[in-house]
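J.: File follows, run_8.pdb with PDB, C-alpha atoms and all ligand atoms:
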```
ATOM      1  CA  MET Q   1     115.116  79.313  92.428
ATOM      2  CA  THR Q   2     113.110  82.312  93.560
ATOM      3  CA  ILE Q   3     113.675  83.304  97.159
ATOM      4  CA  ALA Q   4     110.649  84.703  98.981
ATOM      5  CA  ARG Q   5     111.539  87.781 101.030
ATOM      6  CA  ALA Q   6     109.735  89.445 103.947
ATOM      7  CA  LEU Q   7     110.430  92.621 105.905
ATOM      8  CA  THR Q   8     109.289  93.153 109.480
ATOM      9  CA  ILE Q   9     108.978  96.696 110.843
ATOM     10  CA  ALA Q  10     108.628  96.212 114.600
ATOM     11  CA  GLY Q  11     110.146  96.495 118.065
ATOM     12  CA  SER Q  12     112.944  94.352 119.442
ATOM     13  CA  ASP Q  13     112.079  91.980 122.323
ATOM     14  CA  SER Q  14     115.237  91.068 124.230
ATOM     15  CA  GLY Q  15     113.392  88.000 125.553
ATOM     16  CA  GLY Q  16     113.179  86.569 122.040
ATOM     17  CA  GLY Q  17     109.502  85.587 122.094
ATOM     18  CA  ALA Q  18     107.767  88.558 120.454
ATOM     19  CA  GLY Q  19     108.565  91.473 118.149
ATOM     20  CA  ILE Q  20     111.382  91.363 115.597
ATOM     21  CA  GLN Q  21     112.807  88.174 117.098
ATOM     22  CA  ALA Q  22     109.526  86.246 116.745
ATOM     23  CA  ASP Q  23     109.043  87.563 113.227
ATOM     24  CA  LEU Q  24     112.490  86.584 111.950
ATOM     25  CA  LYS Q  25     112.266  83.128 113.537
ATOM     26  CA  THR Q  26     108.872  82.614 111.909
ATOM     27  CA  PHE Q  27     110.066  83.758 108.471
ATOM     28  CA  GLN Q  28     113.051  81.408 108.709
ATOM     29  CA  GLU Q  29     110.922  78.435 109.767
ATOM     30  CA  LEU Q  30     108.646  79.016 106.776
ATOM     31  CA  ARG Q  31     111.616  79.293 104.402
ATOM     32  CA  VAL Q  32     111.312  83.005 103.767
ATOM     33  CA  PHE Q  33     114.325  85.327 103.819
ATOM     34  CA  GLY Q  34     113.709  87.743 106.698
ATOM     35  CA  MET Q  35     114.775  91.395 106.961
ATOM     36  CA  SER Q  36     114.042  93.961 109.663
ATOM     37  CA  ALA Q  37     113.589  97.628 110.446
ATOM     38  CA  ILE Q  38     113.636  98.138 114.216
ATOM     39  CA  THR Q  39     111.328 100.852 115.598
ATOM     40  CA  ALA Q  40     112.173 100.573 119.292
ATOM     41  CA  ILE Q  41     114.301  98.500 121.599
ATOM     42  CA  THR Q  42     112.505  96.968 124.548
ATOM     43  CA  ALA Q  43     114.170  95.433 127.591
ATOM     44  CA  GLN Q  44     111.722  92.598 128.120
ATOM     45  CA  ASN Q  45     111.464  89.094 129.498
ATOM     46  CA  THR Q  46     108.686  86.660 130.351
ATOM     47  CA  LEU Q  47     107.841  88.712 133.472
ATOM     48  CA  GLY Q  48     107.241  92.020 131.694
ATOM     49  CA  VAL Q  49     108.555  95.093 129.914
ATOM     50  CA  LEU Q  50     111.358  96.790 131.868
ATOM     51  CA  GLY Q  51     112.122  99.622 129.437
ATOM     52  CA  ILE Q  52     111.195 101.035 126.032
ATOM     53  CA  TYR Q  53     113.696 102.963 123.911
ATOM     54  CA  PRO Q  54     112.160 104.231 120.650
ATOM     55  CA  LEU Q  55     114.564 104.931 117.786
ATOM     56  CA  PRO Q  56     114.536 108.290 115.980
ATOM     57  CA  VAL Q  57     112.108 108.283 113.029
ATOM     58  CA  ASP Q  58     115.038 108.829 110.615
ATOM     59  CA  ALA Q  59     116.744 105.676 111.906
ATOM     60  CA  VAL Q  60     113.592 103.637 111.265
ATOM     61  CA  LEU Q  61     113.101 105.047 107.780
ATOM     62  CA  GLN Q  62     116.758 104.638 106.823
ATOM     63  CA  GLN Q  63     116.533 100.923 107.590
ATOM     64  CA  ILE Q  64     113.481 100.666 105.330
ATOM     65  CA  ASP Q  65     115.220 102.687 102.601
ATOM     66  CA  ALA Q  66     118.266 100.416 102.818
ATOM     67  CA  ILE Q  67     116.011  97.494 101.896
ATOM     68  CA  GLY Q  68     113.934  99.405  99.362
ATOM     69  CA  ALA Q  69     117.066 100.563  97.504
ATOM     70  CA  ASP Q  70     118.647  97.124  97.236
ATOM     71  CA  LEU Q  71     117.116  93.835  98.332
ATOM     72  CA  GLY Q  72     113.411  94.607  97.888
ATOM     73  CA  THR Q  73     110.710  92.548  99.566
ATOM     74  CA  ASP Q  74     107.696  90.414  98.640
ATOM     75  CA  ALA Q  75     105.726  91.165 101.819
ATOM     76  CA  VAL Q  76     105.874  93.512 104.795
ATOM     77  CA  LYS Q  77     104.696  92.940 108.346
ATOM     78  CA  THR Q  78     104.331  95.799 110.833
ATOM     79  CA  GLY Q  79     104.236  95.284 114.605
ATOM     80  CA  MET Q  80     105.083  97.723 117.421
ATOM     81  CA  LEU Q  81     105.312 101.157 115.755
ATOM     82  CA  PHE Q  82     105.160 103.169 119.005
ATOM     83  CA  SER Q  83     104.462 106.728 117.772
ATOM     84  CA  ALA Q  84     102.334 108.699 115.302
ATOM     85  CA  ASP Q  85     105.512 109.984 113.617
ATOM     86  CA  ILE Q  86     106.864 106.479 112.997
ATOM     87  CA  ILE Q  87     103.468 105.388 111.653
ATOM     88  CA  ALA Q  88     103.299 108.343 109.259
ATOM     89  CA  GLY Q  89     106.829 107.654 107.998
ATOM     90  CA  VAL Q  90     106.221 103.926 107.540
ATOM     91  CA  ALA Q  91     102.943 104.564 105.685
ATOM     92  CA  GLU Q  92     104.724 106.952 103.320
ATOM     93  CA  ARG Q  93     107.488 104.401 102.624
ATOM     94  CA  LEU Q  94     104.991 101.615 101.879
ATOM     95  CA  ARG Q  95     103.497 103.863  99.209
ATOM     96  CA  ARG Q  96     106.858 105.023  97.892
ATOM     97  CA  TYR Q  97     108.112 101.479  97.291
ATOM     98  CA  GLY Q  98     104.753 100.187  96.070
ATOM     99  CA  TRP Q  99     104.696  97.406  98.687
ATOM    100  CA  SER Q 100     101.155  96.071  98.665
ATOM    101  CA  ARG Q 101     101.357  92.713 100.460
ATOM    102  CA  VAL Q 102     101.247  94.362 103.866
ATOM    103  CA  VAL Q 103     100.187  92.708 107.128
ATOM    104  CA  VAL Q 104      99.471  95.229 109.900
ATOM    105  CA  ASP Q 105      99.481  93.786 113.418
ATOM    106  CA  PRO Q 106      98.189  96.800 115.400
ATOM    107  CA  VAL Q 107     100.293  96.156 118.515
ATOM    108  CA  MET Q 108      99.138  98.399 121.359
ATOM    109  CA  ILE Q 109      99.617  96.830 124.786
ATOM    110  CA  ALA Q 110     101.936  94.008 125.879
ATOM    111  CA  LYS Q 111     100.312  91.088 127.729
ATOM    112  CA  GLY Q 112     101.752  92.460 131.007
ATOM    113  CA  GLY Q 113     100.061  95.852 130.437
ATOM    114  CA  ALA Q 114     102.959  98.000 129.091
ATOM    115  CA  LYS Q 115     102.010 100.520 126.399
ATOM    116  CA  LEU Q 116     103.715  99.724 123.099
ATOM    117  CA  LEU Q 117     101.760 102.405 121.182
ATOM    118  CA  GLN Q 118     101.279 105.974 122.365
ATOM    119  CA  ASP Q 119      97.656 107.102 122.844
ATOM    120  CA  ASP Q 120      97.820 109.795 120.170
ATOM    121  CA  ALA Q 121      99.126 107.270 117.620
ATOM    122  CA  VAL Q 122      95.851 105.341 117.312
ATOM    123  CA  ARG Q 123      94.419 108.003 115.001
ATOM    124  CA  ALA Q 124      97.499 107.926 112.738
ATOM    125  CA  MET Q 125      97.209 104.163 112.566
ATOM    126  CA  LYS Q 126      93.572 104.367 111.476
ATOM    127  CA  GLU Q 127      93.994 107.159 108.971
ATOM    128  CA  LYS Q 128      97.445 106.503 107.511
ATOM    129  CA  LEU Q 129      98.292 102.822 107.905
ATOM    130  CA  LEU Q 130      94.988 100.935 107.721
ATOM    131  CA  PRO Q 131      94.233 102.107 104.168
ATOM    132  CA  GLN Q 132      97.416 100.321 103.095
ATOM    133  CA  ALA Q 133      96.836  97.054 104.906
ATOM    134  CA  LEU Q 134      96.114  93.971 102.811
ATOM    135  CA  VAL Q 135      95.589  92.140 106.119
ATOM    136  CA  LEU Q 136      94.930  93.623 109.582
ATOM    137  CA  THR Q 137      95.265  91.269 112.576
ATOM    138  CA  PRO Q 138      93.778  92.852 115.735
ATOM    139  CA  ASN Q 139      93.221  90.961 118.960
ATOM    140  CA  MET Q 140      89.958  91.763 120.732
ATOM    141  CA  PRO Q 141      91.155  94.779 122.813
ATOM    142  CA  GLU Q 142      92.923  96.231 119.743
ATOM    143  CA  ALA Q 143      89.776  95.772 117.642
ATOM    144  CA  GLU Q 144      87.786  97.650 120.316
ATOM    145  CA  ALA Q 145      90.280 100.526 120.380
ATOM    146  CA  LEU Q 146      90.376 100.832 116.579
ATOM    147  CA  ALA Q 147      86.701 100.251 115.774
ATOM    148  CA  GLY Q 148      85.339 102.116 118.823
ATOM    149  CA  VAL Q 149      82.732  99.449 119.596
ATOM    150  CA  PRO Q 150      82.653  96.602 122.133
ATOM    151  CA  VAL Q 151      84.135  93.365 120.763
ATOM    152  CA  ARG Q 152      83.077  90.294 122.715
ATOM    153  CA  THR Q 153      80.329  88.317 121.020
ATOM    154  CA  LEU Q 154      80.569  86.830 117.537
ATOM    155  CA  GLU Q 155      78.154  89.488 116.197
ATOM    156  CA  GLU Q 156      80.201  92.292 117.805
ATOM    157  CA  ARG Q 157      83.378  90.905 116.255
ATOM    158  CA  LYS Q 158      81.704  90.874 112.843
ATOM    159  CA  GLU Q 159      80.481  94.448 113.236
ATOM    160  CA  ALA Q 160      83.974  95.611 114.282
ATOM    161  CA  ALA Q 161      85.494  93.861 111.241
ATOM    162  CA  ARG Q 162      83.082  95.713 108.940
ATOM    163  CA  ARG Q 163      83.986  99.032 110.587
ATOM    164  CA  LEU Q 164      87.705  98.365 110.209
ATOM    165  CA  ALA Q 165      87.244  97.419 106.548
ATOM    166  CA  ALA Q 166      85.687 100.868 106.057
ATOM    167  CA  TYR Q 167      89.135 102.383 106.741
ATOM    168  CA  GLY Q 168      90.391 100.716 103.570
ATOM    169  CA  VAL Q 169      91.718  97.467 105.040
ATOM    170  CA  LYS Q 170      91.221  94.665 102.462
ATOM    171  CA  HIS Q 171      91.079  91.738 104.932
ATOM    172  CA  VAL Q 172      90.601  91.720 108.689
ATOM    173  CA  VAL Q 173      91.543  88.738 110.874
ATOM    174  CA  MET Q 174      89.764  89.171 114.202
ATOM    175  CA  LYS Q 175      91.893  86.977 116.488
ATOM    176  CA  GLY Q 176      90.075  85.091 119.207
ATOM    177  CA  GLY Q 177      92.783  84.360 121.788
ATOM    178  CA  HIS Q 178      91.190  86.744 124.313
ATOM    179  CA  GLU Q 179      87.709  85.221 124.067
ATOM    180  CA  GLU Q 180      86.644  83.967 127.479
ATOM    181  CA  GLY Q 181      84.731  80.846 128.375
ATOM    182  CA  SER Q 182      85.340  78.864 125.200
ATOM    183  CA  ASP Q 183      87.415  75.720 124.634
ATOM    184  CA  VAL Q 184      87.807  76.707 120.987
ATOM    185  CA  VAL Q 185      89.819  79.672 119.664
ATOM    186  CA  VAL Q 186      88.165  81.084 116.559
ATOM    187  CA  ASP Q 187      89.956  83.565 114.295
ATOM    188  CA  LEU Q 188      87.508  85.278 111.954
ATOM    189  CA  LEU Q 189      88.637  86.377 108.467
ATOM    190  CA  TYR Q 190      86.611  89.129 106.776
ATOM    191  CA  ASP Q 191      87.358  89.827 103.119
ATOM    192  CA  GLY Q 192      85.025  92.777 102.650
ATOM    193  CA  SER Q 193      82.040  90.612 101.765
ATOM    194  CA  GLY Q 194      82.011  87.426 103.838
ATOM    195  CA  PHE Q 195      83.478  85.709 106.900
ATOM    196  CA  THR Q 196      85.576  82.536 107.165
ATOM    197  CA  GLU Q 197      86.210  80.889 110.552
ATOM    198  CA  PHE Q 198      89.531  79.313 111.511
ATOM    199  CA  ALA Q 199      89.033  77.316 114.697
ATOM    200  CA  SER Q 200      91.388  75.305 116.897
ATOM    201  CA  PRO Q 201      91.203  73.827 120.395
ATOM    202  CA  ARG Q 202      92.208  76.306 123.122
ATOM    203  CA  VAL Q 203      95.509  75.341 124.744
ATOM    204  CA  TYR Q 204      95.433  76.072 128.472
ATOM    205  CA  THR Q 205      98.918  77.495 129.031
ATOM    206  CA  ARG Q 206     100.551  80.677 130.285
ATOM    207  CA  HIS Q 207     103.148  80.535 127.512
ATOM    208  CA  THR Q 208     101.522  82.836 124.973
ATOM    209  CA  HIS Q 209     104.064  85.646 124.804
ATOM    210  CA  GLY Q 210     104.381  86.728 121.182
ATOM    211  CA  THR Q 211     101.476  84.711 119.761
ATOM    212  CA  GLY Q 212     100.106  87.718 117.877
ATOM    213  CA  CYS Q 213     103.498  88.644 116.388
ATOM    214  CA  THR Q 214     104.169  85.055 115.359
ATOM    215  CA  PHE Q 215     100.737  84.625 113.746
ATOM    216  CA  ALA Q 216     101.009  87.865 111.726
ATOM    217  CA  ALA Q 217     104.578  87.026 110.639
ATOM    218  CA  ALA Q 218     103.395  83.616 109.418
ATOM    219  CA  VAL Q 219     100.642  85.314 107.384
ATOM    220  CA  ALA Q 220     103.256  87.644 105.860
ATOM    221  CA  ALA Q 221     105.500  84.656 105.060
ATOM    222  CA  GLY Q 222     102.647  82.989 103.165
ATOM    223  CA  LEU Q 223     101.923  86.161 101.208
ATOM    224  CA  ALA Q 224     105.648  86.509 100.406
ATOM    225  CA  LYS Q 225     105.510  83.024  98.878
ATOM    226  CA  GLY Q 226     102.593  84.060  96.678
ATOM    227  CA  GLN Q 227      99.782  82.450  98.665
ATOM    228  CA  GLY Q 228      96.342  84.039  98.773
ATOM    229  CA  VAL Q 229      95.171  85.571 102.054
ATOM    230  CA  ALA Q 230      92.921  82.662 103.119
ATOM    231  CA  GLU Q 231      95.661  80.095 102.471
ATOM    232  CA  ALA Q 232      98.255  82.194 104.329
ATOM    233  CA  VAL Q 233      95.889  82.606 107.311
ATOM    234  CA  ALA Q 234      95.135  78.856 107.398
ATOM    235  CA  THR Q 235      98.865  78.011 107.486
ATOM    236  CA  ALA Q 236      99.529  80.723 110.088
ATOM    237  CA  LYS Q 237      96.830  79.248 112.328
ATOM    238  CA  GLN Q 238      98.501  75.818 112.074
ATOM    239  CA  PHE Q 239     101.904  77.380 112.740
ATOM    240  CA  ILE Q 240     100.818  79.241 115.890
ATOM    241  CA  GLY Q 241      98.755  76.260 117.091
ATOM    242  CA  ALA Q 242     101.826  74.009 117.012
ATOM    243  CA  ALA Q 243     104.002  76.739 118.569
ATOM    244  CA  ILE Q 244     101.596  77.128 121.517
ATOM    245  CA  GLU Q 245     100.947  73.391 122.018
ATOM    246  CA  ASP Q 246     104.616  72.304 122.038
ATOM    247  CA  SER Q 247     105.629  74.997 124.501
ATOM    248  CA  LEU Q 248     109.235  75.392 125.641
ATOM    249  CA  GLU Q 249     108.483  76.182 129.301
ATOM    250  CA  LEU Q 250     111.069  78.981 129.360
ATOM    251  CA  GLY Q 251     111.170  81.813 131.908
ATOM    252  CA  GLN Q 252     109.254  82.376 135.121
ATOM    253  CA  GLY Q 253     106.297  84.250 133.619
ATOM    254  CA  HIS Q 254     104.503  84.282 130.260
ATOM    255  CA  GLY Q 255     106.981  82.285 128.208
ATOM    256  CA  PRO Q 256     107.572  82.346 124.448
ATOM    257  CA  THR Q 257     106.060  79.935 121.954
ATOM    258  CA  ASN Q 258     107.980  77.225 120.112
ATOM    259  CA  HIS Q 259     108.845  78.501 116.664
ATOM    260  CA  TRP Q 260     110.299  75.204 115.434
ATOM    261  CA  ALA Q 261     107.294  73.056 116.412
ATOM    262  CA  TYR Q 262     105.479  73.398 113.064
ATOM    263  CA  ARG Q 263     108.573  72.379 111.047
ATOM    264  CA  GLU Q 264     109.278  69.431 113.346
ATOM    265  CA  ARG Q 265     105.702  68.216 112.964
ATOM    266  CA  LEU Q 266     105.899  68.412 109.170
ATOM    267  CA  ALA Q 267     109.215  66.533 109.221
ATOM    268  CA  ALA Q 268     107.799  63.817 111.521
ATOM    269  CA  ALA Q 269     104.741  63.406 109.281
ATOM    270  CA  ALA Q 270     106.965  63.037 106.184
ATOM    271  CA  MET Q 271     109.237  60.394 107.785
ATOM    272  CA  PRO Q 272     108.633  56.761 106.744
ATOM    273  CA  LYS Q 273     106.962  54.860 109.622
ATOM    274  CA  GLU Q 274     109.832  52.399 110.207
ATOM    275  CA  GLY Q 275     112.277  55.319 110.461
ATOM    276  CA  ARG Q 276     110.459  56.870 113.431
TER
HETATM  277  N1  LIG R   1      95.344  79.578 124.252
HETATM  278  C1  LIG R   1      95.402  79.470 122.917
HETATM  279  N2  LIG R   1      95.253  78.249 122.319
HETATM  280  C2  LIG R   1      95.312  78.150 120.973
HETATM  281  N3  LIG R   1      95.506  79.200 120.141
HETATM  282  C3  LIG R   1      95.658  80.429 120.676
HETATM  283  C4  LIG R   1      95.618  80.630 122.091
HETATM  284  N4  LIG R   1      95.822  81.958 122.345
HETATM  285  C5  LIG R   1      95.979  82.538 121.157
HETATM  286  N5  LIG R   1      95.882  81.642 120.134
HETATM  287  C6  LIG R   1      96.058  81.930 118.704
HETATM  288  O1  LIG R   1      97.209  82.767 118.629
HETATM  289  C7  LIG R   1      96.974  83.859 117.730
HETATM  290  C8  LIG R   1      97.079  85.165 118.504
HETATM  291  O2  LIG R   1      95.891  85.345 119.222
HETATM  292  P1  LIG R   1      95.523  86.464 120.299
HETATM  293  O3  LIG R   1      95.908  85.966 121.651
HETATM  294  O4  LIG R   1      94.091  86.808 120.098
HETATM  295  O5  LIG R   1      96.410  87.716 119.860
HETATM  296  P2  LIG R   1      97.524  88.562 120.635
HETATM  297  O6  LIG R   1      98.674  87.643 120.895
HETATM  298  O7  LIG R   1      97.829  89.644 119.646
HETATM  299  O8  LIG R   1      96.888  89.087 121.893
HETATM  300  C9  LIG R   1      95.622  83.600 117.094
HETATM  301  O9  LIG R   1      95.797  82.927 115.862
HETATM  302  C10 LIG R   1      94.908  82.712 118.096
HETATM  303  O10 LIG R   1      93.973  81.863 117.462
HETATM  304  C1  LIG R   2     108.574  94.348 120.951
HETATM  305  C2  LIG R   2     107.238  93.751 121.170
HETATM  306  N1  LIG R   2     106.344  93.732 120.167
HETATM  307  C3  LIG R   2     105.117  93.190 120.358
HETATM  308  C4  LIG R   2     104.767  92.642 121.570
HETATM  309  C5  LIG R   2     103.383  92.053 121.773
HETATM  310  O1  LIG R   2     103.454  90.693 122.031
HETATM  311  P1  LIG R   2     102.183  89.750 122.153
HETATM  312  O2  LIG R   2     102.090  89.022 120.840
HETATM  313  O3  LIG R   2     102.486  88.857 123.313
HETATM  314  O4  LIG R   2     100.974  90.613 122.381
HETATM  315  C6  LIG R   2     105.710  92.665 122.599
HETATM  316  N2  LIG R   2     105.435  92.130 123.820
HETATM  317  N3  LIG R   2     106.944  93.223 122.379
END
```
Give the structure from this file in structure tokens form.
T.:
Amino acid sequence: MTIARALTIAGSDSGGGAGIQADLKTFQELRVFGMSAITAITAQNTLGVLGIYPLPVDAVLQQIDAIGADLGTDAVKTGMLFSADIIAGVAERLRRYGWSRVVVDPVMIAKGGAKLLQDDAVRAMKEKLLPQALVLTPNMPEAEALAGVPVRTLEERKEAARRLAAYGVKHVVMKGGHEEGSDVVVDLLYDGSGFTEFASPRVYTRHTHGTGCTFAAAVAAGLAKGQGVAEAVATAKQFIGAAIEDSLELGQGHGPTNHWAYRERLAAAAMPKEGR
């Protein structure tokens, strides 16, 4: 049996809802063997980010090399990269190992406002990392920062996607969680020529900590299993939809999503009716 493998290069979230923890849980739920290279340790809970401790660039790259030299990977997901130096090193390693199924989640600011990417790192992300992204998954504020144009209306989101594709990104998923005044959350996939919409009902909840990480990790899991981008995005949208709907109500602030909800739904649907 072939085992699909995925590597996440991201920050650690002690609260377990975002970052490396969300990614590994998502890989596991989607039956993908998960591996990690930690870029920074954050002391974090549902109320906010209490501290950020970036690792030395060499420590980040050695973790990647440990995987490149032995286990290998079928897909890579990047999350919180924190600095221009880490971004440059990661971009070089992606090239060195020939890893092409790369999902870049351009994490910049935590929901509580803490900076997870230094200001001078945005340029490195655009110039060094985006050209290597098979899929880029910005939320609306991240798309604005990267594309340099306002991103609110559907037309503005499309224009930003075209601008981001010009950096060499093959597919852009413009996530719609931050869209205001709509009962539907639309994620827009741009493949360099056309747009596909992935829509779901908006869940009115405060428990959305780590939604972006979880979504991007689910896309990477699909790619690791050999799915095409559109199929991986469609599954990821289902996965995050279930995780948000069946919330765990943990913590006093913005709680994590439920990473086992999607699997439990599939299992319930497969069960014979009399067995339920
Ligand atoms: N309230 C919500 N109800 C349903 N889906 C949501 C909600 N908020 C976010 N999502 C989904 O979660 C994913 C992450 O979205 P978004 O909030 O835009 O990104 P981020 O977490 O990076 O800020 C997307 O697939 C989006 O469609
Ligand atoms: C270590 C780490 N990485 C990423 C996020 C972003 O999380 P969100 O998906 O809620 O924007 C976070 N809060 N912490």
J.: For Ala234 in chain Q, which residue out of Q:Ala133, Q:Leu189, Q:Leu248, Q:Leu117 is the nearest one, using all atoms listed in the file?
T.: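 Under the stated criterion, the closest residue is Q:Leu189.
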J.: Would you give me, as CSV, each residue of chain Q having an atom within 8 Å of an atom of ligand LIG 1 (chain R), along with its shortest atom pair and that distance in Å to one decimal, using only C-alpha atoms and all ligand atoms and sorting by chain and residue number?
T.:
```
residue,atom,partner,partner_atom,distance
Q:Asp105,CA,R:LIG1,O7,7.7
Q:Val107,CA,R:LIG1,O7,7.1
Q:Lys111,CA,R:LIG1,O8,7.1
Q:Thr137,CA,R:LIG1,O7,7.7
Q:Pro138,CA,R:LIG1,O7,6.5
Q:Asn139,CA,R:LIG1,O4,4.4
Q:Met140,CA,R:LIG1,O4,6.5
Q:Met174,CA,R:LIG1,O4,7.7
Q:Lys175,CA,R:LIG1,O4,4.2
Q:Gly176,CA,R:LIG1,O4,4.5
Q:Gly177,CA,R:LIG1,O4,3.2
Q:His178,CA,R:LIG1,O4,5.1
Q:Glu179,CA,R:LIG1,O4,7.7
Q:Val184,CA,R:LIG1,C2,7.6
Q:Val185,CA,R:LIG1,O10,5.2
Q:Val186,CA,R:LIG1,O10,5.9
Q:Asp187,CA,R:LIG1,O10,5.4
Q:Phe198,CA,R:LIG1,O10,7.9
Q:Ala199,CA,R:LIG1,O10,7.3
Q:Ser200,CA,R:LIG1,C2,6.3
Q:Pro201,CA,R:LIG1,C2,6.0
Q:Arg202,CA,R:LIG1,N2,3.7
Q:Val203,CA,R:LIG1,N2,3.8
Q:Tyr204,CA,R:LIG1,N1,5.5
Q:Thr205,CA,R:LIG1,N1,6.3
Q:Thr208,CA,R:LIG1,N4,6.3
Q:His209,CA,R:LIG1,O6,7.0
Q:Gly210,CA,R:LIG1,O6,5.8
Q:Thr211,CA,R:LIG1,O6,4.2
Q:Gly212,CA,R:LIG1,O6,3.3
Q:Cys213,CA,R:LIG1,O7,6.6
Q:Thr214,CA,R:LIG1,C7,7.7
Q:Phe215,CA,R:LIG1,C7,5.5
Q:Ala236,CA,R:LIG1,O9,7.2
Q:Lys237,CA,R:LIG1,O9,5.2
Q:Ile240,CA,R:LIG1,O1,5.7
Q:Gly241,CA,R:LIG1,N3,5.3
Q:Ile244,CA,R:LIG1,C2,6.4
Q:Glu245,CA,R:LIG1,C2,7.4
```
J.: Write out as number ranges by chain which residues come within 6 Å of Ala40 in chain Q when counting only C-alpha atoms, dropping same-chain ones fewer than 3 positions away.
T.: Q: 11, 53-55
J.: My list of candidates is Q:Gly98, Q:Gly192, Q:Pro141, Q:Gly113. Which is closest to Arg163 in chain Q when distances are computed with all atoms listed in the file?
T.: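 For Arg163 in chain Q, the nearest of the given residues is Q:Gly192.
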J.: Quick one: of Q:Thr257, Q:Gln252, Q:Thr8, Q:Thr2, who's nearest to Asn45 in chain Q, counting all atoms listed in the file?
T.: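 Of Q:Thr257, Q:Gln252, Q:Thr8, Q:Thr2, the one nearest Asn45 in chain Q, counting all atoms listed in the file, is Q:Gln252.
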J.: Let me make sure I understand: among Q:Leu223, Q:Ile109, Q:Leu71, Q:Leu146, which one has the smallest atom-to-atom distance to ligand LIG 2 (chain R) if we use all atoms listed in the file?
T.: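 Nearest to ligand LIG 2 (chain R): Q:Ile109.
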J.: Rank Q:Thr73, Q:Gln227, Q:Thr78, Q:Gln62 by their smallest atom-to-atom distance to ligand LIG 2 (chain R), using all atoms listed in the file, and report the top residue only.
T.: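 Selected residue with least distance to ligand LIG 2 (chain R): Q:Thr78.
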J.: So for ligand LIG 2 (chain R), what box centre and size do we get, axis-aligned, 4 Å extra on each of the six sides, every listed atom, Å to one decimal, as JSON?
T.:
```
{"center_x": 104.8, "center_y": 91.6, "center_z": 122.0, "size_x": 15.6, "size_y": 13.5, "size_z": 11.7}
```
J.: Which of these, Q:Gln44, Q:Lys77, Q:Asn258, Q:Arg263, has the shortest distance to Ala110 in chain Q once you count all atoms listed in the file?
T.: Q:Gln44
J.: For Ala232 in chain Q, find every residue with an atom within 10 Å (counting only C-alpha atoms), except residues of its own chain fewer than 4 positions away, and show them as an MDAnalysis selection string.
T.: chainID Q and resid 216 218:228 236:237
J.: Figure out the distance between CA of Ala18 in chain Q and atom N2 of ligand LIG 2 (chain R), please, to one decimal in Å.
T.: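 Value for the atom N2 of ligand LIG 2 (chain R)-CA of Ala18 in chain Q distance: 5.4 Å.
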J.: So what does the PyMOL selection byres (((chain Q and resi 255) around 6) and not hetatm) actually pick up in this one, as number ranges by chain?
T.: Q: 46, 207, 209, 250-251, 253-254, 256
J.: Interatomic distance between CA of Met108 in chain Q and CA of Ile41 in chain Q?
T.: 15.2 Å
J.: Expanded to explicit residues, what is the PyMOL selection byres (((chain Q and resi 21) around 10) and not hetatm) for this file, as a PyMOL selection string?
T.: chain Q and resi 8+10-20+22-26+36+210+213-214
J.: Let me see the file: selected residues, C-alpha atoms, as a PDB file, keeping the file's coordinate frame.
T.:
```pdb
ATOM      1  CA  THR Q   8     109.289  93.153 109.480  1.00  0.00           C
ATOM      2  CA  ALA Q  10     108.628  96.212 114.600  1.00  0.00           C
ATOM      3  CA  GLY Q  11     110.146  96.495 118.065  1.00  0.00           C
ATOM      4  CA  SER Q  12     112.944  94.352 119.442  1.00  0.00           C
ATOM      5  CA  ASP Q  13     112.079  91.980 122.323  1.00  0.00           C
ATOM      6  CA  SER Q  14     115.237  91.068 124.230  1.00  0.00           C
ATOM      7  CA  GLY Q  15     113.392  88.000 125.553  1.00  0.00           C
ATOM      8  CA  GLY Q  16     113.179  86.569 122.040  1.00  0.00           C
ATOM      9  CA  GLY Q  17     109.502  85.587 122.094  1.00  0.00           C
ATOM     10  CA  ALA Q  18     107.767  88.558 120.454  1.00  0.00           C
ATOM     11  CA  GLY Q  19     108.565  91.473 118.149  1.00  0.00           C
ATOM     12  CA  ILE Q  20     111.382  91.363 115.597  1.00  0.00           C
ATOM     13  CA  ALA Q  22     109.526  86.246 116.745  1.00  0.00           C
ATOM     14  CA  ASP Q  23     109.043  87.563 113.227  1.00  0.00           C
ATOM     15  CA  LEU Q  24     112.490  86.584 111.950  1.00  0.00           C
ATOM     16  CA  LYS Q  25     112.266  83.128 113.537  1.00  0.00           C
ATOM     17  CA  THR Q  26     108.872  82.614 111.909  1.00  0.00           C
ATOM     18  CA  SER Q  36     114.042  93.961 109.663  1.00  0.00           C
ATOM     19  CA  GLY Q 210     104.381  86.728 121.182  1.00  0.00           C
ATOM     20  CA  CYS Q 213     103.498  88.644 116.388  1.00  0.00           C
ATOM     21  CA  THR Q 214     104.169  85.055 115.359  1.00  0.00           C
TER      22      THR Q 214
END
```
J.: Work out how far apart CA of Arg206 in chain Q and CA of Ala243 in chain Q are and give it in Å to one decimal.
T.: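 Rounded to one decimal, the two atoms are 12.8 Å apart.
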J.: Could you list, as a ChimeraX atom specification, every residue matched by the PyMOL selection byres (((chain Q and resi 136) around 8) and not hetatm) in this structure?
T.: /Q:103-106,130,133-135,137-138,169,171-173
J.: Env of Val149 in chain Q: 12 Å cut, atoms = only C-alpha atoms, seq-sep filter 2 positions within chain, self excluded. Answer as a list of chain:residue names.
T.: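 My list of contacting residues is Q:Met140, Q:Pro141, Q:Glu142, Q:Ala143, Q:Glu144, Q:Ala145, Q:Leu146, Q:Ala147, Q:Val151, Q:Arg152, Q:Thr153, Q:Glu155, Q:Glu156, Q:Arg157, Q:Lys158, Q:Glu159, Q:Ala160, Q:Ala161, Q:Arg162, Q:Arg163, Q:Leu164.
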